[in-house]
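Asker: The structure's right below; bear with me while I get my questions together.
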Amino acid sequence: MKRLLAALAVLVLTCAAAPAAEVTGRFNLVDQRGNAVSEASYDGKIRLMTFGYTFCPDICPTTLNTMAGTMDLLGDKASEVVPIFVTVDPRRDSVAHLREYVEAFSPTMVGLTGNQEAVDAAAKAFRVRYVLNPPMDANDPNSYFVDHSAGIFIMDRQGRFLAKLGHRSEPDEVAARLMEVLEK
Amino acid sequence: MNRRRLLLTGLATLGASTLSPVAAQAAKAQQGLFVHAEPRPLPALDIRDNEGRPAGLDGFRGRPVLMNLWASWCLPCVAELPALDRLKPQIEPEGVAVMALCLDRSGAVGAVNTYARLGIGNLAVHVDYERKAGEVLGVPVLPTTLLVDAAGREVARFVGPAAWDGAEAMTLLRALKAGKPLDPSMAPPLAKPKTNP
């Protein structure tokens, strides 16, 4: 059964490649230290990427915890992987704020932001969609929440799309997928 | 499930995740009180205090526990902590323990700093030492609060921030203490999100 599942996983992944071919994975953003970066800045490393925003007003997804837990599970191999969080809310997620935020998860986690156009372009390159909702509190223009596509992207050492995992994946599942990729 | 069915299911899932307009993110996760049909035994967790000493559920043996999962990077969690801090001295004399379990990856630092910033005086520091609580408890969003019976089993969970210092919460926790069946209608109100604390 395990073998069957493995075979199916490969099949499903292959089938998924068609729509995913549109994921170019390109971006020109600014990291949490203020450096201008692109997908080429991480050449040579596998990337574990997700999109989101830090000002979750009611509940917060634990996706970044999952990514940080995944990094722990990789052991020695962790140095070959870079976990990257891209904000879709650059208005509130400044460089300084992102730095504090991503470093709460993992010292190697990268946080990316940029101007609205750059973030829009990055989201488009990953086929990530997002919508800013009206503020929940009329007196506080910053009290809005953001709907966005969830999931964790695995990109290869040249920044090309390899796989997208559900945002509810657990660290051991993500680590297992990464190990497969790392061993190739 | 046969092979074809499994494959189709897999494809449908993928299709949904790549093609749906704005795939619902956790912000759309259902919030409120969820009562389990059967109590769930809790997996073992390595919980420590701010000095690294064991501070797990064993310390509350025989008492029901409200176990709140939070993190310093989770703003609604932080906004909810003062209500839990007010609840603790109200409900603990009645025999229900209140535990705020910090999932920060930095260990106790995040918890201690957040308590200091908010002026939290009643809650003790509890840290998810092996950083596995979210995973083993199946908690994809924070805050989530588990209601644990006197036998150490999870009987219900509240997803999202709640007004834990109100009358509804007291009623719910008294029912937990009495071992009465819980009901979704006993839910405390969701805390209205405000400006970030």
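Here, A, B, ... name the chains of the structure tokens in the order displayed, residue numbers run from 1 inside each chain, and ligands are numbered from 1 in the same displayed order.
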Neighbouring residues of Phe126 of chain A were defined as those with any atom within 8 Å, considering only C-alpha atoms; residues of the same chain fewer than 2 positions away were excluded. Please report them as a list of chain:residue names.

Answerer: A:Glu22, A:Val23, A:Thr24, A:Gly25, A:Arg26, A:Ala122, A:Ala123, A:Lys124, A:Val128

Asker: Kindly save the residues from that selection, with C-alpha atoms included, as a PDB file, in the first residue's frame.

Answerer:
```
ATOM      1  CA  GLU A  22       2.713  28.964 -14.791  1.00  0.00           C
ATOM      2  CA  VAL A  23       4.454  29.362 -11.441  1.00  0.00           C
ATOM      3  CA  THR A  24       7.549  31.203 -12.608  1.00  0.00           C
ATOM      4  CA  GLY A  25       8.763  31.845  -9.085  1.00  0.00           C
ATOM      5  CA  ARG A  26      10.313  35.196  -9.945  1.00  0.00           C
ATOM      6  CA  ALA A 122       5.712  38.198  -6.778  1.00  0.00           C
ATOM      7  CA  ALA A 123       2.254  36.931  -5.867  1.00  0.00           C
ATOM      8  CA  LYS A 124       1.381  36.646  -9.546  1.00  0.00           C
ATOM      9  CA  VAL A 128      -1.004  33.460  -5.221  1.00  0.00           C
TER      10      VAL A 128
END
```

Asker: Could you work out which residues of chain A fall inside 6 Å of chain B? Count only C-alpha atoms, and format the result as a list in words.

Answerer: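 Here they are: Pro57, Asp58, Ile59, Cys60, Pro61, Thr62, Phe105, Arg129, His148, Ser149 and Ala150 of chain A.
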
Asker: Just write the chosen residues, all heavy atoms, as a compact mmCIF listing (two decimals), in the first residue's frame.

Answerer:
```txt
# COMPACT_ATOMS: atom_id res chain seq x y z
N PRO A 57 -5.80 39.34 12.46
CA PRO A 57 -6.61 40.03 13.46
C PRO A 57 -7.46 39.11 14.34
O PRO A 57 -7.84 39.51 15.43
CB PRO A 57 -7.51 40.93 12.62
CG PRO A 57 -7.62 40.23 11.32
CD PRO A 57 -6.38 39.40 11.14
N ASP A 58 -7.76 37.89 13.89
CA ASP A 58 -8.60 37.05 14.76
C ASP A 58 -7.92 35.73 15.10
O ASP A 58 -7.83 35.37 16.26
CB ASP A 58 -10.01 36.85 14.18
CG ASP A 58 -10.01 36.37 12.74
OD1 ASP A 58 -8.92 36.16 12.17
OD2 ASP A 58 -11.10 36.21 12.17
N ILE A 59 -7.42 35.02 14.12
CA ILE A 59 -6.66 33.81 14.39
C ILE A 59 -5.45 33.80 13.46
O ILE A 59 -5.48 34.42 12.40
CB ILE A 59 -7.49 32.52 14.19
CG1 ILE A 59 -8.29 32.59 12.90
CG2 ILE A 59 -8.34 32.22 15.38
CD1 ILE A 59 -9.03 31.33 12.57
N CYS A 60 -4.39 33.10 13.87
CA CYS A 60 -3.16 33.08 13.08
C CYS A 60 -2.86 31.66 12.63
O CYS A 60 -2.86 30.74 13.45
CB CYS A 60 -1.98 33.56 13.91
SG CYS A 60 -2.22 35.19 14.62
N PRO A 61 -2.55 31.48 11.36
CA PRO A 61 -2.14 30.15 10.91
C PRO A 61 -0.78 29.80 11.50
O PRO A 61 0.04 30.68 11.76
CB PRO A 61 -2.06 30.30 9.40
CG PRO A 61 -1.91 31.75 9.14
CD PRO A 61 -2.54 32.47 10.29
N THR A 62 -0.53 28.52 11.68
CA THR A 62 0.74 28.10 12.26
C THR A 62 1.72 27.63 11.17
O THR A 62 2.64 26.89 11.45
CB THR A 62 0.51 26.97 13.29
OG1 THR A 62 -0.22 25.93 12.65
CG2 THR A 62 -0.29 27.46 14.47
N PHE A 105 10.67 32.74 14.55
CA PHE A 105 10.44 31.36 14.13
C PHE A 105 11.75 30.60 13.94
O PHE A 105 11.89 29.47 14.39
CB PHE A 105 9.63 31.32 12.83
CG PHE A 105 8.24 31.81 13.01
CD1 PHE A 105 7.91 33.14 12.76
CD2 PHE A 105 7.24 30.97 13.46
CE1 PHE A 105 6.63 33.59 12.95
CE2 PHE A 105 5.96 31.41 13.65
CZ PHE A 105 5.64 32.74 13.40
N ARG A 129 -3.17 34.47 -4.90
CA ARG A 129 -4.12 35.58 -4.99
C ARG A 129 -4.40 36.10 -3.59
O ARG A 129 -4.38 35.33 -2.63
CB ARG A 129 -5.42 35.10 -5.62
CG ARG A 129 -5.18 34.55 -7.00
CD ARG A 129 -6.47 34.48 -7.72
NE ARG A 129 -6.43 33.47 -8.78
CZ ARG A 129 -7.47 33.21 -9.54
NH1 ARG A 129 -8.60 33.84 -9.35
NH2 ARG A 129 -7.37 32.31 -10.49
N HIS A 148 -5.93 35.17 1.49
CA HIS A 148 -4.88 34.85 0.52
C HIS A 148 -4.76 33.35 0.33
O HIS A 148 -5.16 32.57 1.18
CB HIS A 148 -3.54 35.42 0.98
CG HIS A 148 -3.08 34.90 2.32
ND1 HIS A 148 -2.25 33.82 2.44
CD2 HIS A 148 -3.36 35.33 3.58
CE1 HIS A 148 -2.03 33.61 3.73
NE2 HIS A 148 -2.70 34.49 4.44
N SER A 149 -4.20 32.96 -0.82
CA SER A 149 -3.98 31.55 -1.08
C SER A 149 -2.99 31.02 -0.05
O SER A 149 -2.01 31.69 0.27
CB SER A 149 -3.37 31.35 -2.47
OG SER A 149 -4.01 32.14 -3.42
N ALA A 150 -3.27 29.84 0.43
CA ALA A 150 -2.39 29.25 1.43
C ALA A 150 -1.54 28.17 0.78
O ALA A 150 -1.71 27.86 -0.39
CB ALA A 150 -3.22 28.68 2.56
```

Asker: Please, which residues of segment 2-184 of chain A, numbered as in this document, come out strand (DSSP E) from DSSP, as a tab-separated table (two decimals) with all heavy atoms, in the first residue's frame?

Answerer:
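Below you can see out01.tsv, which holds the result:
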```tsv
chain	number	residue	atom	x	y	z
A	28	ASN	N	11.27	40.31	-7.12
A	28	ASN	CA	12.26	41.34	-6.81
A	28	ASN	C	11.74	42.05	-5.58
A	28	ASN	O	10.87	42.91	-5.66
A	28	ASN	CB	12.42	42.33	-7.97
A	28	ASN	CG	13.24	41.72	-9.08
A	28	ASN	OD1	14.44	41.52	-8.95
A	28	ASN	ND2	12.56	41.38	-10.17
A	29	LEU	N	12.26	41.66	-4.42
A	29	LEU	CA	11.72	42.15	-3.16
A	29	LEU	C	12.85	42.61	-2.24
A	29	LEU	O	14.02	42.67	-2.65
A	29	LEU	CB	10.88	41.04	-2.51
A	29	LEU	CG	9.61	40.63	-3.28
A	29	LEU	CD1	9.05	39.31	-2.77
A	29	LEU	CD2	8.54	41.72	-3.21
A	30	VAL	N	12.47	42.93	-1.00
A	30	VAL	CA	13.46	43.38	-0.03
A	30	VAL	C	13.39	42.42	1.15
A	30	VAL	O	12.29	42.08	1.60
A	30	VAL	CB	13.13	44.82	0.44
A	30	VAL	CG1	14.11	45.29	1.50
A	30	VAL	CG2	13.11	45.76	-0.75
A	31	ASP	N	14.54	41.96	1.65
A	31	ASP	CA	14.49	41.00	2.77
A	31	ASP	C	14.41	41.74	4.11
A	31	ASP	O	14.39	42.97	4.16
A	31	ASP	CB	15.64	40.00	2.69
A	31	ASP	CG	16.99	40.58	3.09
A	31	ASP	OD1	17.04	41.73	3.58
A	31	ASP	OD2	18.00	39.88	2.91
A	36	ALA	N	18.00	44.22	-1.20
A	36	ALA	CA	17.22	43.91	-2.40
A	36	ALA	C	17.58	42.48	-2.82
A	36	ALA	O	18.77	42.15	-2.91
A	36	ALA	CB	17.56	44.88	-3.51
A	37	VAL	N	16.56	41.64	-3.02
A	37	VAL	CA	16.81	40.24	-3.39
A	37	VAL	C	15.89	39.81	-4.51
A	37	VAL	O	14.83	40.42	-4.75
A	37	VAL	CB	16.60	39.29	-2.17
A	37	VAL	CG1	17.64	39.53	-1.09
A	37	VAL	CG2	15.19	39.42	-1.60
A	38	SER	N	16.31	38.76	-5.21
A	38	SER	CA	15.45	38.13	-6.22
A	38	SER	C	15.57	36.62	-6.02
A	38	SER	O	16.31	36.17	-5.14
A	38	SER	CB	15.91	38.51	-7.62
A	38	SER	OG	17.13	37.84	-7.92
A	46	ILE	N	17.56	24.92	-1.95
A	46	ILE	CA	16.14	24.60	-2.09
A	46	ILE	C	15.38	25.63	-1.27
A	46	ILE	O	15.82	26.00	-0.17
A	46	ILE	CB	15.84	23.19	-1.54
A	46	ILE	CG1	16.73	22.13	-2.21
A	46	ILE	CG2	14.37	22.86	-1.62
A	46	ILE	CD1	16.36	21.80	-3.62
A	47	ARG	N	14.24	26.12	-1.78
A	47	ARG	CA	13.48	27.10	-1.02
A	47	ARG	C	12.13	26.54	-0.58
A	47	ARG	O	11.45	25.87	-1.36
A	47	ARG	CB	13.22	28.37	-1.85
A	47	ARG	CG	14.46	28.97	-2.48
A	47	ARG	CD	14.53	28.58	-3.93
A	47	ARG	NE	15.89	28.69	-4.48
A	47	ARG	CZ	16.28	29.65	-5.30
A	47	ARG	NH1	15.44	30.58	-5.64
A	47	ARG	NH2	17.50	29.63	-5.78
A	48	LEU	N	11.80	26.85	0.65
A	48	LEU	CA	10.51	26.48	1.22
A	48	LEU	C	9.79	27.81	1.40
A	48	LEU	O	10.22	28.64	2.21
A	48	LEU	CB	10.79	25.82	2.57
A	48	LEU	CG	9.71	25.04	3.27
A	48	LEU	CD1	9.20	23.91	2.38
A	48	LEU	CD2	10.25	24.46	4.57
A	49	MET	N	8.75	28.05	0.61
A	49	MET	CA	8.17	29.40	0.60
A	49	MET	C	6.69	29.41	0.92
A	49	MET	O	5.94	28.52	0.55
A	49	MET	CB	8.36	30.04	-0.78
A	49	MET	CG	9.82	30.27	-1.14
A	49	MET	SD	10.04	31.07	-2.75
A	49	MET	CE	9.41	32.73	-2.41
A	50	THR	N	6.27	30.48	1.58
A	50	THR	CA	4.85	30.67	1.81
A	50	THR	C	4.52	32.15	1.77
A	50	THR	O	5.40	32.99	1.96
A	50	THR	CB	4.39	30.02	3.13
A	50	THR	OG1	2.96	29.90	3.13
A	50	THR	CG2	4.82	30.84	4.33
A	51	PHE	N	3.27	32.46	1.48
A	51	PHE	CA	2.81	33.85	1.42
A	51	PHE	C	1.82	34.07	2.55
A	51	PHE	O	1.05	33.17	2.90
A	51	PHE	CB	2.12	34.14	0.09
A	51	PHE	CG	3.07	34.22	-1.08
A	51	PHE	CD1	3.70	33.09	-1.58
A	51	PHE	CD2	3.35	35.45	-1.67
A	51	PHE	CE1	4.58	33.18	-2.65
A	51	PHE	CE2	4.23	35.54	-2.75
A	51	PHE	CZ	4.84	34.41	-3.24
A	52	GLY	N	1.82	35.26	3.11
A	52	GLY	CA	0.86	35.56	4.18
A	52	GLY	C	1.04	36.97	4.68
A	52	GLY	O	1.59	37.81	3.98
A	60	CYS	N	-4.39	33.10	13.87
A	60	CYS	CA	-3.16	33.08	13.08
A	60	CYS	C	-2.86	31.66	12.63
A	60	CYS	O	-2.86	30.74	13.45
A	60	CYS	CB	-1.98	33.56	13.91
A	60	CYS	SG	-2.22	35.19	14.62
A	61	PRO	N	-2.55	31.48	11.36
A	61	PRO	CA	-2.14	30.15	10.91
A	61	PRO	C	-0.78	29.80	11.50
A	61	PRO	O	0.04	30.68	11.76
A	61	PRO	CB	-2.06	30.30	9.40
A	61	PRO	CG	-1.91	31.75	9.14
A	61	PRO	CD	-2.54	32.47	10.29
A	81	VAL	N	18.63	24.39	2.65
A	81	VAL	CA	17.25	24.85	2.44
A	81	VAL	C	17.08	26.23	3.06
A	81	VAL	O	17.58	26.48	4.16
A	81	VAL	CB	16.24	23.87	3.10
A	81	VAL	CG1	14.81	24.36	2.93
A	81	VAL	CG2	16.39	22.46	2.51
A	82	VAL	N	16.38	27.12	2.36
A	82	VAL	CA	16.09	28.41	2.95
A	82	VAL	C	14.56	28.58	3.07
A	82	VAL	O	13.85	28.44	2.08
A	82	VAL	CB	16.77	29.57	2.17
A	82	VAL	CG1	16.39	29.57	0.70
A	82	VAL	CG2	16.46	30.91	2.80
A	83	PRO	N	14.07	28.80	4.30
A	83	PRO	CA	12.63	29.04	4.47
A	83	PRO	C	12.34	30.53	4.25
A	83	PRO	O	13.02	31.38	4.80
A	83	PRO	CB	12.38	28.66	5.93
A	83	PRO	CG	13.69	28.80	6.63
A	83	PRO	CD	14.79	28.75	5.59
A	84	ILE	N	11.34	30.80	3.41
A	84	ILE	CA	11.05	32.19	3.02
A	84	ILE	C	9.57	32.50	3.22
A	84	ILE	O	8.70	31.77	2.76
A	84	ILE	CB	11.42	32.43	1.54
A	84	ILE	CG1	12.91	32.13	1.30
A	84	ILE	CG2	11.08	33.86	1.12
A	84	ILE	CD1	13.34	32.25	-0.17
A	85	PHE	N	9.32	33.60	3.92
A	85	PHE	CA	7.96	34.10	4.10
A	85	PHE	C	7.82	35.38	3.29
A	85	PHE	O	8.62	36.30	3.45
A	85	PHE	CB	7.70	34.38	5.59
A	85	PHE	CG	6.43	35.14	5.86
A	85	PHE	CD1	5.20	34.52	5.78
A	85	PHE	CD2	6.46	36.48	6.20
A	85	PHE	CE1	4.02	35.21	6.03
A	85	PHE	CE2	5.29	37.19	6.46
A	85	PHE	CZ	4.06	36.55	6.36
A	86	VAL	N	6.81	35.43	2.41
A	86	VAL	CA	6.59	36.63	1.61
A	86	VAL	C	5.29	37.28	2.08
A	86	VAL	O	4.25	36.63	2.10
A	86	VAL	CB	6.45	36.29	0.11
A	86	VAL	CG1	6.36	37.57	-0.72
A	86	VAL	CG2	7.61	35.43	-0.36
A	87	THR	N	5.36	38.55	2.45
A	87	THR	CA	4.13	39.19	2.89
A	87	THR	C	3.30	39.62	1.69
A	87	THR	O	3.85	39.99	0.64
A	87	THR	CB	4.40	40.42	3.78
A	87	THR	OG1	3.14	40.94	4.23
A	87	THR	CG2	5.14	41.52	3.03
A	110	VAL	N	13.78	33.79	6.16
A	110	VAL	CA	13.84	35.05	5.43
A	110	VAL	C	12.43	35.61	5.34
A	110	VAL	O	11.48	34.88	5.08
A	110	VAL	CB	14.42	34.80	4.01
A	110	VAL	CG1	14.28	36.04	3.15
A	110	VAL	CG2	15.86	34.33	4.10
A	111	GLY	N	12.30	36.92	5.54
A	111	GLY	CA	11.02	37.60	5.35
A	111	GLY	C	11.15	38.57	4.20
A	111	GLY	O	12.12	39.32	4.14
A	112	LEU	N	10.22	38.52	3.25
A	112	LEU	CA	10.32	39.40	2.08
A	112	LEU	C	9.13	40.35	2.01
A	112	LEU	O	7.98	39.94	2.21
A	112	LEU	CB	10.40	38.58	0.79
A	112	LEU	CG	11.56	37.59	0.66
A	112	LEU	CD1	11.51	36.90	-0.70
A	112	LEU	CD2	12.92	38.29	0.85
A	113	THR	N	9.43	41.61	1.71
A	113	THR	CA	8.39	42.59	1.47
A	113	THR	C	8.85	43.44	0.29
A	113	THR	O	9.80	43.08	-0.40
A	113	THR	CB	8.10	43.41	2.75
A	113	THR	OG1	7.00	44.29	2.51
A	113	THR	CG2	9.30	44.23	3.22
A	130	TYR	N	-4.68	37.35	-3.50
A	130	TYR	CA	-5.05	37.89	-2.19
A	130	TYR	C	-5.97	39.08	-2.33
A	130	TYR	O	-5.98	39.75	-3.36
A	130	TYR	CB	-3.81	38.24	-1.38
A	130	TYR	CG	-2.97	39.36	-1.94
A	130	TYR	CD1	-3.13	40.66	-1.45
A	130	TYR	CD2	-2.04	39.12	-2.93
A	130	TYR	CE1	-2.35	41.68	-1.96
A	130	TYR	CE2	-1.28	40.14	-3.45
A	130	TYR	CZ	-1.44	41.42	-2.96
A	130	TYR	OH	-0.70	42.44	-3.47
A	131	VAL	N	-6.73	39.30	-1.29
A	131	VAL	CA	-7.72	40.37	-1.28
A	131	VAL	C	-7.66	41.04	0.08
A	131	VAL	O	-7.75	40.38	1.12
A	131	VAL	CB	-9.15	39.79	-1.47
A	131	VAL	CG1	-10.18	40.90	-1.37
A	131	VAL	CG2	-9.27	39.06	-2.80
A	132	LEU	N	-7.49	42.34	0.08
A	132	LEU	CA	-7.54	43.10	1.33
A	132	LEU	C	-9.00	43.42	1.64
A	132	LEU	O	-9.70	43.96	0.78
A	132	LEU	CB	-6.75	44.40	1.20
A	132	LEU	CG	-5.27	44.34	1.59
A	132	LEU	CD1	-4.50	43.31	0.80
A	132	LEU	CD2	-4.62	45.71	1.46
A	146	VAL	N	-6.72	39.97	5.53
A	146	VAL	CA	-6.37	39.69	4.14
A	146	VAL	C	-6.68	38.22	3.84
A	146	VAL	O	-6.22	37.34	4.57
A	146	VAL	CB	-4.85	39.93	3.90
A	146	VAL	CG1	-4.51	39.79	2.42
A	146	VAL	CG2	-4.42	41.30	4.42
A	147	ASP	N	-7.47	37.99	2.81
A	147	ASP	CA	-7.66	36.60	2.35
A	147	ASP	C	-6.55	36.31	1.35
A	147	ASP	O	-6.28	37.13	0.49
A	147	ASP	CB	-8.98	36.46	1.60
A	147	ASP	CG	-10.18	36.53	2.53
A	147	ASP	OD1	-10.00	36.21	3.72
A	147	ASP	OD2	-11.27	36.90	2.06
A	148	HIS	N	-5.93	35.17	1.49
A	148	HIS	CA	-4.88	34.85	0.52
A	148	HIS	C	-4.76	33.35	0.33
A	148	HIS	O	-5.16	32.57	1.18
A	148	HIS	CB	-3.54	35.42	0.98
A	148	HIS	CG	-3.08	34.90	2.32
A	148	HIS	ND1	-2.25	33.82	2.44
A	148	HIS	CD2	-3.36	35.33	3.58
A	148	HIS	CE1	-2.03	33.61	3.73
A	148	HIS	NE2	-2.70	34.49	4.44
A	152	ILE	N	2.41	25.73	1.01
A	152	ILE	CA	3.85	25.86	1.12
A	152	ILE	C	4.46	25.40	-0.21
A	152	ILE	O	4.19	24.29	-0.68
A	152	ILE	CB	4.39	24.97	2.28
A	152	ILE	CG1	3.76	25.42	3.60
A	152	ILE	CG2	5.91	25.03	2.33
A	152	ILE	CD1	4.11	24.51	4.78
A	153	PHE	N	5.25	26.27	-0.81
A	153	PHE	CA	5.90	25.95	-2.08
A	153	PHE	C	7.28	25.36	-1.82
A	153	PHE	O	8.00	25.84	-0.95
A	153	PHE	CB	6.10	27.21	-2.92
A	153	PHE	CG	4.82	27.83	-3.42
A	153	PHE	CD1	4.16	28.79	-2.67
A	153	PHE	CD2	4.30	27.45	-4.65
A	153	PHE	CE1	2.98	29.37	-3.13
A	153	PHE	CE2	3.12	28.04	-5.12
A	153	PHE	CZ	2.46	28.99	-4.35
A	154	ILE	N	7.62	24.35	-2.59
A	154	ILE	CA	9.01	23.88	-2.62
A	154	ILE	C	9.56	24.26	-4.00
A	154	ILE	O	9.00	23.89	-5.03
A	154	ILE	CB	9.11	22.35	-2.40
A	154	ILE	CG1	8.53	21.98	-1.02
A	154	ILE	CG2	10.57	21.89	-2.51
A	154	ILE	CD1	8.56	20.49	-0.72
A	155	MET	N	10.62	25.04	-3.98
A	155	MET	CA	11.25	25.50	-5.22
A	155	MET	C	12.66	24.89	-5.27
A	155	MET	O	13.30	24.73	-4.22
A	155	MET	CB	11.35	27.03	-5.24
A	155	MET	CG	10.05	27.76	-4.90
A	155	MET	SD	8.67	27.50	-6.05
A	155	MET	CE	9.17	28.53	-7.42
A	161	PHE	N	9.67	25.93	-9.70
A	161	PHE	CA	8.62	25.25	-8.94
A	161	PHE	C	8.80	23.73	-8.93
A	161	PHE	O	9.00	23.12	-9.97
A	161	PHE	CB	7.27	25.59	-9.56
A	161	PHE	CG	6.11	24.85	-8.94
A	161	PHE	CD1	5.50	25.34	-7.80
A	161	PHE	CD2	5.64	23.67	-9.51
A	161	PHE	CE1	4.44	24.66	-7.23
A	161	PHE	CE2	4.57	22.99	-8.93
A	161	PHE	CZ	3.97	23.49	-7.79
A	162	LEU	N	8.71	23.14	-7.75
A	162	LEU	CA	8.74	21.68	-7.64
A	162	LEU	C	7.42	21.14	-7.11
A	162	LEU	O	6.90	20.16	-7.62
A	162	LEU	CB	9.87	21.24	-6.71
A	162	LEU	CG	11.29	21.31	-7.26
A	162	LEU	CD1	12.26	20.89	-6.18
A	162	LEU	CD2	11.43	20.40	-8.48
A	163	ALA	N	6.89	21.75	-6.07
A	163	ALA	CA	5.68	21.20	-5.46
A	163	ALA	C	5.00	22.25	-4.60
A	163	ALA	O	5.63	23.21	-4.16
A	163	ALA	CB	6.04	19.99	-4.60
A	164	LYS	N	3.71	22.05	-4.40
A	164	LYS	CA	2.97	22.88	-3.46
A	164	LYS	C	2.27	21.98	-2.48
A	164	LYS	O	1.55	21.06	-2.88
A	164	LYS	CB	1.96	23.75	-4.21
A	164	LYS	CG	1.28	24.76	-3.30
A	164	LYS	CD	0.30	25.62	-4.08
A	164	LYS	CE	-0.41	26.57	-3.13
A	164	LYS	NZ	-1.57	27.18	-3.77
A	165	LEU	N	2.50	22.21	-1.20
A	165	LEU	CA	1.88	21.39	-0.15
A	165	LEU	C	0.81	22.20	0.56
A	165	LEU	O	0.91	23.43	0.65
A	165	LEU	CB	2.95	20.95	0.86
A	165	LEU	CG	4.23	20.35	0.29
A	165	LEU	CD1	5.17	19.94	1.41
A	165	LEU	CD2	3.93	19.15	-0.59
```

Asker: Neighbouring residues of Asp76 of chain A were defined as those with any atom within 12 Å, considering only C-alpha atoms; residues of the same chain fewer than 5 positions away were excluded. Please report them as a PDB file with all heavy atoms, in the first residue's frame.

Answerer:
```
ATOM      1  N   MET A  71      12.505  22.690   9.351  1.00  0.00           N
ATOM      2  CA  MET A  71      13.945  22.969   9.323  1.00  0.00           C
ATOM      3  C   MET A  71      14.664  22.185  10.422  1.00  0.00           C
ATOM      4  O   MET A  71      15.750  21.640  10.204  1.00  0.00           O
ATOM      5  CB  MET A  71      14.206  24.469   9.480  1.00  0.00           C
ATOM      6  CG  MET A  71      13.656  25.324   8.347  1.00  0.00           C
ATOM      7  SD  MET A  71      14.314  24.897   6.714  1.00  0.00           S
ATOM      8  CE  MET A  71      16.004  25.483   6.880  1.00  0.00           C
ATOM      9  N   VAL A  81      18.626  24.394   2.647  1.00  0.00           N
ATOM     10  CA  VAL A  81      17.247  24.848   2.440  1.00  0.00           C
ATOM     11  C   VAL A  81      17.080  26.227   3.062  1.00  0.00           C
ATOM     12  O   VAL A  81      17.577  26.478   4.163  1.00  0.00           O
ATOM     13  CB  VAL A  81      16.241  23.866   3.096  1.00  0.00           C
ATOM     14  CG1 VAL A  81      14.809  24.361   2.934  1.00  0.00           C
ATOM     15  CG2 VAL A  81      16.387  22.463   2.506  1.00  0.00           C
ATOM     16  N   MET A 179      13.433  15.988   1.810  1.00  0.00           N
ATOM     17  CA  MET A 179      14.526  15.013   1.772  1.00  0.00           C
ATOM     18  C   MET A 179      14.585  14.329   0.414  1.00  0.00           C
ATOM     19  O   MET A 179      15.658  14.100  -0.131  1.00  0.00           O
ATOM     20  CB  MET A 179      14.387  13.972   2.897  1.00  0.00           C
ATOM     21  CG  MET A 179      14.676  14.520   4.295  1.00  0.00           C
ATOM     22  SD  MET A 179      16.259  15.384   4.475  1.00  0.00           S
ATOM     23  CE  MET A 179      17.376  14.012   4.592  1.00  0.00           C
ATOM     24  N   LEU A 182      16.158  16.804  -1.839  1.00  0.00           N
ATOM     25  CA  LEU A 182      17.572  17.016  -1.515  1.00  0.00           C
ATOM     26  C   LEU A 182      18.443  15.860  -1.992  1.00  0.00           C
ATOM     27  O   LEU A 182      19.611  16.036  -2.312  1.00  0.00           O
ATOM     28  CB  LEU A 182      17.737  17.188   0.000  1.00  0.00           C
ATOM     29  CG  LEU A 182      17.301  18.542   0.546  1.00  0.00           C
ATOM     30  CD1 LEU A 182      17.079  18.474   2.051  1.00  0.00           C
ATOM     31  CD2 LEU A 182      18.325  19.612   0.215  1.00  0.00           C
TER      32      LEU A 182
END
```

Asker: For segment 165-173 of chain B, find every residue with an atom within 12 Å (counting only C-alpha atoms), except residues of its own chain fewer than 4 positions away, and show them as JSON, numbers by chain.

Answerer: {"B": [33, 35, 63, 64, 65, 66, 67, 80, 81, 82, 83, 84, 85, 86, 87, 88, 89, 90, 91, 92, 94, 95, 96, 97, 98, 146, 147, 148, 149, 150, 155, 156, 157, 158, 161, 177, 178, 179, 180, 181, 182, 183, 184, 185, 186, 187, 188, 189, 190, 191]}

Asker: Could you tell me how far atom CA of Ala151 of chain B sits from atom CA of Gly56 of chain B, in Å to one decimal place?

Answerer: 14.1 Å

Asker: Just how far from atom CA of Gly107 of chain B is atom CA of Asn65 of chain A, in Å to one decimal?

Answerer: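 Between atom CA of Asn65 of chain A and atom CA of Gly107 of chain B the gap is 13.1 Å.
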
Asker: Identify, with DSSP run on backbone atoms, the residues in segment 27-187 of chain B assigned to alpha helix (DSSP H), and express the list as a ChimeraX atom specification.

Answerer: /B:75-91,108-118,133-136,167-178

Asker: Select, from B:Leu45, B:Ala175, B:Leu69, B:Ala100, the residue with the minimum atom-to-atom distance to Ala124 of chain B, counting only C-alpha atoms.

Answerer: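 Selected residue with least distance to Ala124 of chain B: B:Ala100.
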
Asker: List the spatial neighbours of Gln32 of chain A as a PyMOL selection string - criterion: any atom at most 6 Å away, only C-alpha atoms, same-chain residues fewer than 2 positions off excluded.

Answerer: chain A and resi 34+95+98-99+111

Asker: Have a look at A:Asp137, A:Asp156, A:Glu170, A:Glu117 and name the one nearest to Gly69 of chain A; count only C-alpha atoms.

Answerer: A:Glu170

Asker: In terms of the shortest atom-to-atom distance over only C-alpha atoms, which of A:Ala176, A:Met136, A:Phe145, A:Ala104 is closest to Ala111 of chain B?

Answerer: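 Of all the options, A:Ala104 lies closest to Ala111 of chain B.
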